[in-house]
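A short worksheet on the structure shown next.
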Amino acid sequence: MIVLVLGEPDSGKSRYAEELVMAMSAGKLYYIATMNVVDEESEARVRKHRQMREGKGFVTLEIPYRVDRALEHITSPAQSVVLLECVSNLVGNEMYDDPDRAYDRAGCPRDEWLKDTADAVVSDIRMLSERCKDLVIVANRFEPDAKGYDDTTRLYVELNNTVNERLAEIAGRVDGTEEIREALSRS
């Protein structure tokens, strides 16, 4: 089953998703970390997330893009529960770092690149989900028309939201802000 945990940045999604994975666990736990450490802020976030999962039995795989490659490292995927953290980082990495998908190297019109990249990201995630027992996906929701976005940020937000919409269509369950708040208030 795919569970999509969707909410605003810093809303407790990660903690909620980890608790969900721990409750689902009947096998090995994997944590696919997608964040590229590029500055002190991202380094601090990675440190925080490592501390949150410490002692919980996760095998961490650092895979910043093309997450289907995680299958090369997951033993017995059909008995494994995987936490993908987080789609928003993954989308940014696909947009800027993937040598085959990066926007500045694509050489095709914006809308074509957007569709092709969203298709590819969702396909990679779907492939991962089809082989694993359960997949919990964490994703940020961004306001599409927020003020102050430049063209590149607007493209990133559109790609992120497009991927989220497609993931919601294939997920067996989508938990949003209300479910996260409710669960975290109980713990």
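Letters A, B, ... mark the chains of the structure tokens in the order given; residue numbers begin at 1 per chain; ligand numbers begin at 1, in order shown.
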
Would you mind listing, for every residue of region 66-91 of chain A within 10 Å of region 31-51 of chain A, the two atoms forming the shortest contact and the distance between them in Å to one decimal, using only C-alpha atoms, sorted by chain and ascending residue number, as a tab-separated table?
residue	atom	partner	partner_atom	distance
A:Arg66	CA	A:Thr34	CA	9.6
A:Val67	CA	A:Ile32	CA	7.8
A:Ala70	CA	A:Ile32	CA	7.5
A:Val81	CA	A:Tyr31	CA	8.7
A:Val82	CA	A:Tyr31	CA	5.9
A:Leu83	CA	A:Tyr31	CA	4.8
A:Leu84	CA	A:Ile32	CA	4.9
A:Glu85	CA	A:Ala33	CA	5.4
A:Cys86	CA	A:Thr34	CA	6.1
A:Val87	CA	A:Thr34	CA	7.7
A:Ser88	CA	A:Thr34	CA	8.8
A:Asn89	CA	A:Met35	CA	5.5
A:Leu90	CA	A:Thr34	CA	5.5
A:Val91	CA	A:Thr34	CA	9.3

Q. If you run DSSP on this backbone, which residues of region 54-183 of chain A come out as helix (DSSP H, G or I), and could you give them as a ChimeraX atom specification?
A. /A:67-72,77-79,87-96,103-106,110-131,151-170,177-183

(Q) Calculated over only C-alpha atoms, which of the candidates A:Glu54, A:Glu130, A:Glu143, A:Glu165 has the smallest distance to Leu71 (chain A)? (A)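 For Leu71 (chain A), the nearest of the candidates is A:Glu130.
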
Q: Please return as a ChimeraX atom specification: the residues of chain A that backbone DSSP assigns to strand (DSSP E).
A: /A:2-7,28-33,58-62,80-85,134-140,173-175

Store the residues of this selection in a file with N, CA and C atoms, as a short mmCIF file (atom, residue, chain, number, x, y, z; two decimals), in the first residue's frame.
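File produced: out-v8.cif:
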data_model
loop_
_atom_site.label_atom_id
_atom_site.label_comp_id
_atom_site.auth_asym_id
_atom_site.auth_seq_id
_atom_site.Cartn_x
_atom_site.Cartn_y
_atom_site.Cartn_z
N ILE A 2 0.41 2.27 -0.65
CA ILE A 2 1.07 3.57 -0.64
C ILE A 2 0.27 4.49 0.27
N VAL A 3 0.98 5.15 1.20
CA VAL A 3 0.38 6.18 2.04
C VAL A 3 1.13 7.47 1.73
N LEU A 4 0.41 8.49 1.34
CA LEU A 4 0.99 9.80 1.07
C LEU A 4 0.69 10.70 2.26
N VAL A 5 1.75 11.22 2.88
CA VAL A 5 1.63 12.15 4.00
C VAL A 5 1.95 13.53 3.43
N LEU A 6 0.94 14.35 3.34
CA LEU A 6 1.03 15.61 2.62
C LEU A 6 0.69 16.78 3.54
N GLY A 7 1.60 17.75 3.62
CA GLY A 7 1.32 18.91 4.46
C GLY A 7 2.31 20.02 4.23
N LYS A 28 11.61 -5.49 7.44
CA LYS A 28 12.72 -4.54 7.51
C LYS A 28 12.24 -3.14 7.15
N LEU A 29 12.82 -2.13 7.81
CA LEU A 29 12.45 -0.74 7.59
C LEU A 29 13.55 -0.03 6.82
N TYR A 30 13.15 0.67 5.78
CA TYR A 30 14.10 1.45 4.99
C TYR A 30 13.64 2.90 4.96
N TYR A 31 14.61 3.78 4.98
CA TYR A 31 14.37 5.22 4.93
C TYR A 31 15.15 5.75 3.74
N ILE A 32 14.44 6.21 2.73
CA ILE A 32 15.09 6.80 1.57
C ILE A 32 15.17 8.30 1.80
N ALA A 33 16.39 8.77 2.01
CA ALA A 33 16.65 10.19 2.26
C ALA A 33 17.00 10.85 0.94
N PHE A 58 15.74 1.72 11.24
CA PHE A 58 15.74 2.05 9.81
C PHE A 58 17.12 1.81 9.19
N VAL A 59 17.11 1.29 7.98
CA VAL A 59 18.30 1.27 7.14
C VAL A 59 18.15 2.50 6.24
N THR A 60 19.11 3.42 6.34
CA THR A 60 19.01 4.67 5.57
C THR A 60 19.72 4.53 4.23
N LEU A 61 19.02 4.90 3.18
CA LEU A 61 19.58 4.93 1.83
C LEU A 61 19.51 6.37 1.36
N GLU A 62 20.65 6.95 1.04
CA GLU A 62 20.67 8.33 0.55
C GLU A 62 20.62 8.30 -0.97
N SER A 80 9.42 -5.51 3.07
CA SER A 80 9.98 -4.27 3.62
C SER A 80 8.98 -3.12 3.57
N VAL A 81 9.07 -2.28 4.60
CA VAL A 81 8.30 -1.04 4.64
C VAL A 81 9.29 0.08 4.39
N VAL A 82 8.95 0.95 3.45
CA VAL A 82 9.87 2.00 3.02
C VAL A 82 9.25 3.36 3.29
N LEU A 83 10.06 4.26 3.85
CA LEU A 83 9.67 5.65 4.06
C LEU A 83 10.48 6.50 3.08
N LEU A 84 9.79 7.19 2.20
CA LEU A 84 10.43 8.09 1.24
C LEU A 84 10.29 9.51 1.74
N GLU A 85 11.42 10.12 2.08
CA GLU A 85 11.46 11.45 2.72
C GLU A 85 12.38 12.35 1.92
N ASP A 134 5.02 -2.00 1.79
CA ASP A 134 4.32 -0.74 1.99
C ASP A 134 5.30 0.40 1.73
N LEU A 135 4.77 1.51 1.24
CA LEU A 135 5.56 2.70 0.98
C LEU A 135 4.83 3.90 1.57
N VAL A 136 5.52 4.60 2.47
CA VAL A 136 4.99 5.83 3.04
C VAL A 136 5.80 6.97 2.45
N ILE A 137 5.11 7.93 1.86
CA ILE A 137 5.75 9.04 1.15
C ILE A 137 5.44 10.34 1.87
N VAL A 138 6.47 11.11 2.16
CA VAL A 138 6.30 12.43 2.76
C VAL A 138 6.46 13.47 1.66
N ALA A 139 5.55 14.45 1.63
CA ALA A 139 5.61 15.50 0.61
C ALA A 139 5.11 16.82 1.17
N ASN A 140 5.74 17.88 0.74
CA ASN A 140 5.31 19.23 1.10
C ASN A 140 4.27 19.71 0.11
N ARG A 173 -4.02 5.70 0.51
CA ARG A 173 -4.42 6.58 1.61
C ARG A 173 -3.62 7.87 1.53
N VAL A 174 -4.28 8.99 1.76
CA VAL A 174 -3.62 10.29 1.81
C VAL A 174 -3.95 10.93 3.15
N ASP A 175 -2.91 11.18 3.93
CA ASP A 175 -3.08 11.83 5.22
C ASP A 175 -2.56 13.26 5.10
#

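Proximity of A:Pro77, A:Thr152, A:Arg166, A:Arg141 to Arg126 (chain A), computed with only C-alpha atoms, is greatest for A:Arg166.
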
Q: Please provide the set of residues having any atom within 9 Å of region 98-107 of chain A, restricted to only C-alpha atoms, with same-chain residues fewer than 4 positions apart removed, written as a ChimeraX atom specification.
A: /A:64-66,93-94,113-114,116-117,120

Q | Pick from A:Glu179, A:Asp145, A:Val122, A:Lys115, whichever lies nearest to Val157 (chain A) using only C-alpha atoms | A | A:Asp145

**Q.** d(CA of Tyr16 (chain A), CA of Ala183 (chain A)) in Å
**A.**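 So the answer is 7.2 Å.
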